[in-house]
Structure formats: C-alpha cells, structure tokens
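Peer 1: What follows is a single structure, and I will ask about it in a moment.
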Amino acid sequence: MATTENTPSAGKTPLVELKNISISFGGVHAVEKASCELYPGEVVGLLGHNGAGKSTLIKILSGAYTRDSGTIYVDGQEATINNPRHAKDYGIETIYQTLALADNVDAAANLYLGRELLTRWGTLDDAAMEAETRKVMNRLNPNFSRFKDPVKQLSGGQRQSVAIARAIHFNARILIMDEPTAALGPAETEQVGQLIHQLKDDGIGIFLISHDIHDVFDLADRVVVMKNGAVVGSARTGNVTKDEVLGMIILGKCPAGATPGPGASTD
C-alpha cells in the first residue's frame with residue numbers, strides 16, 4: 001500500500017481507505033488482505049489480470065459484496081458498507097461498463113431514474129428535471145446538446161457523460177469507473193478523458209478499473225496492481241514505466257519506484 005508521502009495529498013485524509021480487505025468464495029481467497037486509498041481529486045488505476053481480485057475489491061467498496069474481514073474508512077471514519085445503498089449514503093457511485101442506462105428515454109429521464117421529480121399534482125415534472133439536467137451537463141460537458149434524444153441514439157462518449165452526470169448530480173464524491181473507454185474510438189476516449197479531468201478538478205476521487213495500461217497512464221495519478229487476490233504494489237505513474245507495471249501484473253514483481261504490497265514477489 002502506498003504511503004501518504006508518495007501521494008500528491010501528503011498529510012491529507014483519504015476520501016476512502018480500504019485496509020486489509022479479505023473475502024473468500026467456497027474456500028477460495030478472492031481478495032486477501034488488500035489495502036489501498038484514494039484522495040480528493042485523484043485518479044487511481046486498479047490493474048491486474050482477470051481473476052486478480054480488482055473487480056471483487058471494488059464490489060466490496062460499492063456494497064455489492066460484504067467483506068469477510070478488513071475495514072473501510074471514509075473521510076478517516078470507519079464506514080459500514082454492506083449493500084449498495086450504504087455506499088451511496090457515503091457518496092460512492094459506480095459507473096459500470098454497461099453504464100446501466102435506460103436506452104429508450106432521454107438524458108433527464110436517466111438522470112432521475114427512480115428519483116423522479118413530481119409536480120404538486122403528483123405528475124412528472126419534466127421541465128424541472130430537464131432544467132437540472134442541463135445545469136449539470138453544462139458543467140460536465142458544455143458541448144452536450146442532445147437533451148431530447150433517447151440515449152440509445154447517443155455516441156459512447158455522450159452516454160458516458162449521462163452516466164457520470166447521474167452519479168455526480170446526487171453528490172457522489174467517490175466514483176468507481178469500470179472500463180470507461182472500452183469499445184470507444186479515439187475521439188470518444190479523449191472525450192471521456194476530458195470528463196475525468198473535469199471530475200478531478202471538482203475534487204472527486206476516482207477508482208479506474210481498466211485492462212488498457214495506456215489509458216491508465218494517460219488518466220491515472222497512481223496505479224495499484226493486484227495479482228492472485230493480493231496487492232502487488234502501488235506507484236505514482238510518473239515513477240514507473242509501463243514495462244515495470246506490466247512486470248507487476250504478470251510476474252508480481254515490484255520495481256524500485258513502487259511501494260510493495262503483501263502480494264509482491266520476494267525474488
């Protein structure tokens with residue numbers, strides 16, 4: 001686990017810290033004593049092969065799984081997260097690769113899905129929902145203009161904008177982004193990158209799960225590498241090369257520029 005001295009937020013309290021998190025399924029250790037932290041305005045890339053434990057660790061933070069042991073801290077205080085509602089109460093939102101959008105309705109309907117605004121007569125207040133959607137989208141993506149179109153007609157980058165807007169409109173402070181640029185073209189990938197930089201500027205912390213090491217180096221301040229359910233190590237992206245991070249992913253070896261975790265090779 002990286003120490004605070006190795007982060008741009010030295011001396012500050014992490015937005016969230018996972019400490020010695022473990023979970024097993026049928027006797028198999030999916031995650032074992034994994035620790036990492038996330039600071040305000042920071043992007044942490046979580047890397048590892050399929051089955052390394054990164055998605056399981058993040059599902060514990062999002063409340064989809066309940067950990068067997070370990071502690072989660074939010075703003076330095078121990079947090080109880082046993083289901084997704086608990087996570088949302090702490091300002092933790094997850095944007096899955098599928099985005100979980102309702103394709104047949106527009107941006108405003110997606111933003112307020114399940115939390116619709118009503119008029120005093122009990123009908124949907126479409127005007128108020130669209131006005132609020134325009135405000136949040138203008139802050140996040142000023143070029144977005146397709147407010148009336150069903151989201152199935154939007155580009156991949158625009159759909160990401162809607163999913164992110166839905167999360168931050170309801171006061172998310174910690175975002176989990178699962179493969180946000182998967183299946184996107186270069187222009188859309190650049191658009192998502194701009195969205196992430198905007199979120200950073202707003203002080204939102206982001207866990208970025210990705211198989212694309214190039215995207216991670218473009219977007220993340222730090223990387224945390226997992227292998228066989230354990231954290232191999234963490235490092236600022238400016239202190240390690242892509243080849244060194246690949247060595248962490250494949251061989252479990254921690255280079256000189258990284259802080260080793262309990263899963264690092266002792267060779």
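Residues are named by chain letter and number: chains run A, B, ... in the order of the structure tokens, numbers start at 1 in each chain, and ligands are numbered from 1 in the order shown.
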With only C-alpha atoms as the counted atoms, please give the residues lying no more than 12 Å from His214 (chain A), apart from itself and same-chain residues fewer than 2 positions off, as number ranges by chain.
Peer 2: A: 45, 47, 181, 189, 210-212, 216-220, 223, 237, 241-243, 245-246
Peer 1: Write out the residues from the selection above, keeping N, CA and C atoms, as a tab-separated table (two decimals), in the first residue's frame.
Peer 2:
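Result saved to again-v2.tsv:
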```tsv
chain	number	residue	atom	x	y	z
A	45	GLY	N	-5.65	4.05	-10.81
A	45	GLY	CA	-5.91	2.95	-11.72
A	45	GLY	C	-5.70	1.62	-11.04
A	47	LEU	N	-5.25	-2.22	-11.55
A	47	LEU	CA	-4.83	-3.08	-12.65
A	47	LEU	C	-4.63	-4.52	-12.19
A	181	THR	N	-13.41	3.41	-21.12
A	181	THR	CA	-13.12	3.67	-22.54
A	181	THR	C	-13.20	2.42	-23.40
A	189	THR	N	-12.77	8.37	-26.62
A	189	THR	CA	-11.86	8.12	-25.50
A	189	THR	C	-11.30	9.45	-24.98
A	210	SER	N	-9.28	-0.88	-15.37
A	210	SER	CA	-9.04	-0.96	-16.81
A	210	SER	C	-8.03	-2.05	-17.11
A	211	HIS	N	-8.18	-2.64	-18.32
A	211	HIS	CA	-7.19	-3.57	-18.83
A	211	HIS	C	-6.21	-2.86	-19.76
A	212	ASP	N	-6.50	-1.59	-20.08
A	212	ASP	CA	-5.69	-0.84	-21.03
A	212	ASP	C	-4.68	0.00	-20.27
A	216	VAL	N	-4.65	3.96	-18.62
A	216	VAL	CA	-4.37	4.20	-17.21
A	216	VAL	C	-3.24	5.21	-17.06
A	217	PHE	N	-2.19	5.07	-17.84
A	217	PHE	CA	-1.09	6.02	-17.74
A	217	PHE	C	-1.51	7.42	-18.20
A	218	ASP	N	-2.46	7.49	-19.13
A	218	ASP	CA	-2.94	8.78	-19.59
A	218	ASP	C	-3.82	9.47	-18.53
A	219	LEU	N	-4.55	8.68	-17.74
A	219	LEU	CA	-5.58	9.25	-16.87
A	219	LEU	C	-5.27	9.20	-15.38
A	220	ALA	N	-4.49	8.22	-14.94
A	220	ALA	CA	-4.34	7.98	-13.50
A	220	ALA	C	-3.13	8.71	-12.92
A	223	VAL	N	-1.16	3.97	-9.73
A	223	VAL	CA	-1.67	2.64	-10.06
A	223	VAL	C	-1.56	1.75	-8.84
A	237	THR	N	2.25	7.15	-11.36
A	237	THR	CA	2.53	6.80	-12.76
A	237	THR	C	3.81	7.48	-13.27
A	241	THR	N	7.59	2.85	-15.25
A	241	THR	CA	7.31	2.74	-16.68
A	241	THR	C	6.18	1.74	-16.91
A	242	LYS	N	5.66	1.75	-18.12
A	242	LYS	CA	4.61	0.79	-18.46
A	242	LYS	C	5.15	-0.64	-18.39
A	243	ASP	N	6.40	-0.82	-18.80
A	243	ASP	CA	7.00	-2.16	-18.73
A	243	ASP	C	7.12	-2.63	-17.29
A	245	VAL	N	5.17	-1.75	-14.82
A	245	VAL	CA	3.82	-2.08	-14.36
A	245	VAL	C	3.38	-3.41	-14.94
A	246	LEU	N	3.72	-3.69	-16.19
A	246	LEU	CA	3.42	-5.00	-16.77
A	246	LEU	C	4.12	-6.10	-15.99
```
Peer 1: Give me the residues within 12 Å of region 115-126 of chain A as a PyMOL selection string, counting only C-alpha atoms and dropping any in the same chain fewer than 3 places off.
Peer 2: chain A and resi 106-112+129-133+147-148+166+169-170
Peer 1: Quick one: distance from CA of Arg85 (chain A) to CA of Ile209 (chain A) in Å, one decimal?
Peer 2: 21.3 Å
Peer 1: Residues of region 157-261 of chain A in alpha helix (DSSP H) according to DSSP, as a PyMOL selection string?
Peer 2: chain A and resi 157-169+186-201+213-219+242-251
Peer 1: Write the selection just made, keeping C-alpha atoms, as a PDB file, in the first residue's frame?
Peer 2:
```pdb
ATOM      1  CA  GLY A 157     -18.754   9.337 -25.078  1.00  0.00           C
ATOM      2  CA  GLN A 158     -22.099  11.112 -24.741  1.00  0.00           C
ATOM      3  CA  ARG A 159     -23.574   8.098 -22.970  1.00  0.00           C
ATOM      4  CA  GLN A 160     -20.653   8.158 -20.538  1.00  0.00           C
ATOM      5  CA  SER A 161     -21.437  11.836 -19.925  1.00  0.00           C
ATOM      6  CA  VAL A 162     -25.009  10.962 -18.974  1.00  0.00           C
ATOM      7  CA  ALA A 163     -23.912   8.140 -16.657  1.00  0.00           C
ATOM      8  CA  ILE A 164     -21.339  10.371 -14.937  1.00  0.00           C
ATOM      9  CA  ALA A 165     -23.830  13.246 -14.642  1.00  0.00           C
ATOM     10  CA  ARG A 166     -26.318  10.923 -12.947  1.00  0.00           C
ATOM     11  CA  ALA A 167     -23.696   9.952 -10.373  1.00  0.00           C
ATOM     12  CA  ILE A 168     -22.376  13.411  -9.526  1.00  0.00           C
ATOM     13  CA  HIS A 169     -25.794  15.087  -9.512  1.00  0.00           C
ATOM     14  CA  PRO A 186     -10.059   7.697 -30.170  1.00  0.00           C
ATOM     15  CA  ALA A 187     -12.277  10.806 -30.223  1.00  0.00           C
ATOM     16  CA  GLU A 188     -14.718   9.355 -27.679  1.00  0.00           C
ATOM     17  CA  THR A 189     -11.860   8.123 -25.499  1.00  0.00           C
ATOM     18  CA  GLU A 190     -10.465  11.655 -25.492  1.00  0.00           C
ATOM     19  CA  GLN A 191     -13.890  12.978 -24.510  1.00  0.00           C
ATOM     20  CA  VAL A 192     -14.091  10.600 -21.552  1.00  0.00           C
ATOM     21  CA  GLY A 193     -10.577  11.663 -20.556  1.00  0.00           C
ATOM     22  CA  GLN A 194     -11.724  15.287 -20.515  1.00  0.00           C
ATOM     23  CA  LEU A 195     -14.679  14.310 -18.332  1.00  0.00           C
ATOM     24  CA  ILE A 196     -12.360  12.582 -15.877  1.00  0.00           C
ATOM     25  CA  HIS A 197     -10.087  15.636 -15.691  1.00  0.00           C
ATOM     26  CA  GLN A 198     -13.152  17.790 -15.005  1.00  0.00           C
ATOM     27  CA  LEU A 199     -14.173  15.494 -12.153  1.00  0.00           C
ATOM     28  CA  LYS A 200     -10.646  15.700 -10.718  1.00  0.00           C
ATOM     29  CA  ASP A 201     -10.805  19.488 -10.799  1.00  0.00           C
ATOM     30  CA  ILE A 213      -2.397   0.199 -19.467  1.00  0.00           C
ATOM     31  CA  HIS A 214      -2.069   3.079 -21.951  1.00  0.00           C
ATOM     32  CA  ASP A 215      -5.371   4.594 -20.830  1.00  0.00           C
ATOM     33  CA  VAL A 216      -4.366   4.200 -17.208  1.00  0.00           C
ATOM     34  CA  PHE A 217      -1.089   6.021 -17.744  1.00  0.00           C
ATOM     35  CA  ASP A 218      -2.945   8.783 -19.585  1.00  0.00           C
ATOM     36  CA  LEU A 219      -5.578   9.251 -16.874  1.00  0.00           C
ATOM     37  CA  LYS A 242       4.614   0.790 -18.462  1.00  0.00           C
ATOM     38  CA  ASP A 243       7.001  -2.162 -18.730  1.00  0.00           C
ATOM     39  CA  GLU A 244       7.567  -2.093 -14.982  1.00  0.00           C
ATOM     40  CA  VAL A 245       3.821  -2.082 -14.357  1.00  0.00           C
ATOM     41  CA  LEU A 246       3.421  -4.996 -16.775  1.00  0.00           C
ATOM     42  CA  GLY A 247       6.038  -6.807 -14.687  1.00  0.00           C
ATOM     43  CA  MET A 248       3.915  -6.181 -11.618  1.00  0.00           C
ATOM     44  CA  ILE A 249       0.822  -7.511 -13.381  1.00  0.00           C
ATOM     45  CA  ILE A 250       2.424 -10.599 -14.927  1.00  0.00           C
ATOM     46  CA  LEU A 251       5.221 -11.528 -12.526  1.00  0.00           C
TER      47      LEU A 251
END
```
Peer 1: Which residue, A:Gly203, A:Gly229, A:Gly76, A:Gly51, has the smallest gap to Ser22 (chain A) when you use only C-alpha atoms?
Peer 2: A:Gly229
Peer 1: Which residue out of A:Ser155, A:Thr13, A:Thr56, A:Thr94 has the minimum interatomic distance to Ile206 (chain A) when only C-alpha atoms are used?
Peer 2: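 Among A:Ser155, A:Thr13, A:Thr56, A:Thr94, it is A:Thr94 that comes nearest to Ile206 (chain A).
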Peer 1: At a cut-off of 10 Å, using only C-alpha atoms, what residues contact Phe207 (chain A)? Leave out same-chain residues fewer than 6 positions from it and give the result as a PDB file with N, CA and C atoms, in the first residue's frame.
Peer 2:
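Listed below is the output, around_20.pdb:
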```
ATOM      1  N   GLU A  37      -5.852   3.313  -1.005  1.00  0.00           N
ATOM      2  CA  GLU A  37      -6.556   4.517  -0.602  1.00  0.00           C
ATOM      3  C   GLU A  37      -6.728   5.438  -1.797  1.00  0.00           C
ATOM      4  N   LEU A  38      -7.617   6.409  -1.626  1.00  0.00           N
ATOM      5  CA  LEU A  38      -7.944   7.349  -2.687  1.00  0.00           C
ATOM      6  C   LEU A  38      -8.134   8.723  -2.070  1.00  0.00           C
ATOM      7  N   GLU A  42      -8.061  12.757  -7.106  1.00  0.00           N
ATOM      8  CA  GLU A  42      -7.059  11.794  -7.547  1.00  0.00           C
ATOM      9  C   GLU A  42      -7.728  10.677  -8.345  1.00  0.00           C
ATOM     10  N   VAL A  43      -7.016  10.191  -9.361  1.00  0.00           N
ATOM     11  CA  VAL A  43      -7.446   9.007 -10.100  1.00  0.00           C
ATOM     12  C   VAL A  43      -6.466   7.886  -9.806  1.00  0.00           C
ATOM     13  N   VAL A  44      -6.975   6.779  -9.303  1.00  0.00           N
ATOM     14  CA  VAL A  44      -6.165   5.600  -9.026  1.00  0.00           C
ATOM     15  C   VAL A  44      -6.591   4.496  -9.976  1.00  0.00           C
ATOM     16  N   GLY A  45      -5.648   4.052 -10.812  1.00  0.00           N
ATOM     17  CA  GLY A  45      -5.914   2.955 -11.723  1.00  0.00           C
ATOM     18  C   GLY A  45      -5.698   1.620 -11.036  1.00  0.00           C
ATOM     19  N   LEU A  46      -6.695   0.764 -11.076  1.00  0.00           N
ATOM     20  CA  LEU A  46      -6.613  -0.561 -10.467  1.00  0.00           C
ATOM     21  C   LEU A  46      -6.408  -1.574 -11.585  1.00  0.00           C
ATOM     22  N   ILE A  58     -13.443  -3.865  -5.579  1.00  0.00           N
ATOM     23  CA  ILE A  58     -14.277  -2.698  -5.838  1.00  0.00           C
ATOM     24  C   ILE A  58     -15.747  -2.990  -5.543  1.00  0.00           C
ATOM     25  N   THR A  94     -20.945   3.870  -8.598  1.00  0.00           N
ATOM     26  CA  THR A  94     -20.254   3.010  -9.560  1.00  0.00           C
ATOM     27  C   THR A  94     -20.841   3.213 -10.949  1.00  0.00           C
ATOM     28  N   ILE A 174     -16.919   9.873  -4.563  1.00  0.00           N
ATOM     29  CA  ILE A 174     -16.020   8.774  -4.906  1.00  0.00           C
ATOM     30  C   ILE A 174     -16.660   8.020  -6.062  1.00  0.00           C
ATOM     31  N   LEU A 175     -15.995   8.003  -7.216  1.00  0.00           N
ATOM     32  CA  LEU A 175     -16.518   7.323  -8.385  1.00  0.00           C
ATOM     33  C   LEU A 175     -15.697   6.079  -8.678  1.00  0.00           C
ATOM     34  N   ILE A 176     -16.387   4.996  -8.965  1.00  0.00           N
ATOM     35  CA  ILE A 176     -15.756   3.774  -9.446  1.00  0.00           C
ATOM     36  C   ILE A 176     -16.128   3.652 -10.913  1.00  0.00           C
ATOM     37  N   MET A 177     -15.123   3.687 -11.787  1.00  0.00           N
ATOM     38  CA  MET A 177     -15.379   3.614 -13.224  1.00  0.00           C
ATOM     39  C   MET A 177     -14.800   2.316 -13.766  1.00  0.00           C
ATOM     40  N   ASP A 178     -15.678   1.473 -14.293  1.00  0.00           N
ATOM     41  CA  ASP A 178     -15.291   0.154 -14.779  1.00  0.00           C
ATOM     42  C   ASP A 178     -15.105   0.206 -16.292  1.00  0.00           C
ATOM     43  N   ALA A 220      -4.489   8.220 -14.941  1.00  0.00           N
ATOM     44  CA  ALA A 220      -4.335   7.983 -13.504  1.00  0.00           C
ATOM     45  C   ALA A 220      -3.131   8.708 -12.916  1.00  0.00           C
ATOM     46  N   ARG A 222      -1.999   7.482  -9.879  1.00  0.00           N
ATOM     47  CA  ARG A 222      -1.320   6.328  -9.274  1.00  0.00           C
ATOM     48  C   ARG A 222      -1.919   5.057  -9.839  1.00  0.00           C
ATOM     49  N   VAL A 223      -1.156   3.968  -9.729  1.00  0.00           N
ATOM     50  CA  VAL A 223      -1.671   2.642 -10.063  1.00  0.00           C
ATOM     51  C   VAL A 223      -1.563   1.749  -8.837  1.00  0.00           C
ATOM     52  N   VAL A 224      -2.529   0.874  -8.707  1.00  0.00           N
ATOM     53  CA  VAL A 224      -2.485  -0.196  -7.708  1.00  0.00           C
ATOM     54  C   VAL A 224      -2.647  -1.494  -8.481  1.00  0.00           C
TER      55      VAL A 224
END
```
Peer 1: Ala230 (chain A): which residues within 6 Å, counting only C-alpha atoms, same-chain residues fewer than 5 positions away excluded, as a list in words?
Peer 2: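 The contact residues come out as Glu32, Ala34 and Gly263 of chain A.
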Peer 1: Could you name the residues that touch Pro84 (chain A) at 7 Å or less, counting only C-alpha atoms, but leaving out those on the same chain fewer than 6 positions away, as a short mmCIF file (atom, residue, chain, number, x, y, z; two decimals) with N, CA and C atoms, in the first residue's frame?
Peer 2:
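So the final result, stored in out.cif, reads:
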```
data_model
loop_
_atom_site.label_atom_id
_atom_site.label_comp_id
_atom_site.auth_asym_id
_atom_site.auth_seq_id
_atom_site.Cartn_x
_atom_site.Cartn_y
_atom_site.Cartn_z
N SER A 62 -18.35 -0.92 -3.29
CA SER A 62 -19.65 -0.47 -3.80
C SER A 62 -20.83 -1.11 -3.09
N GLY A 63 -20.56 -2.06 -2.20
CA GLY A 63 -21.63 -2.69 -1.44
C GLY A 63 -22.24 -3.91 -2.09
N ALA A 64 -21.72 -4.31 -3.26
CA ALA A 64 -22.27 -5.48 -3.94
C ALA A 64 -21.89 -6.76 -3.21
#
```
Peer 1: Could you please write out, as a PyMOL selection string, every residue of region 37-265 of chain A that DSSP assigns to strand (DSSP E)?
Peer 2: chain A and resi 37-38+43-47+69-74+77-78+92-95+174-178+205-209+222-227+230-236+259-260
Peer 1: Considering only C-alpha atoms, state which residue in the set A:Asn83, A:Asn171, A:Gln153, A:Asn104 is at the smallest distance from Tyr65 (chain A).
Peer 2: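 Of the candidates, the smallest distance to Tyr65 (chain A) is held by A:Asn83.
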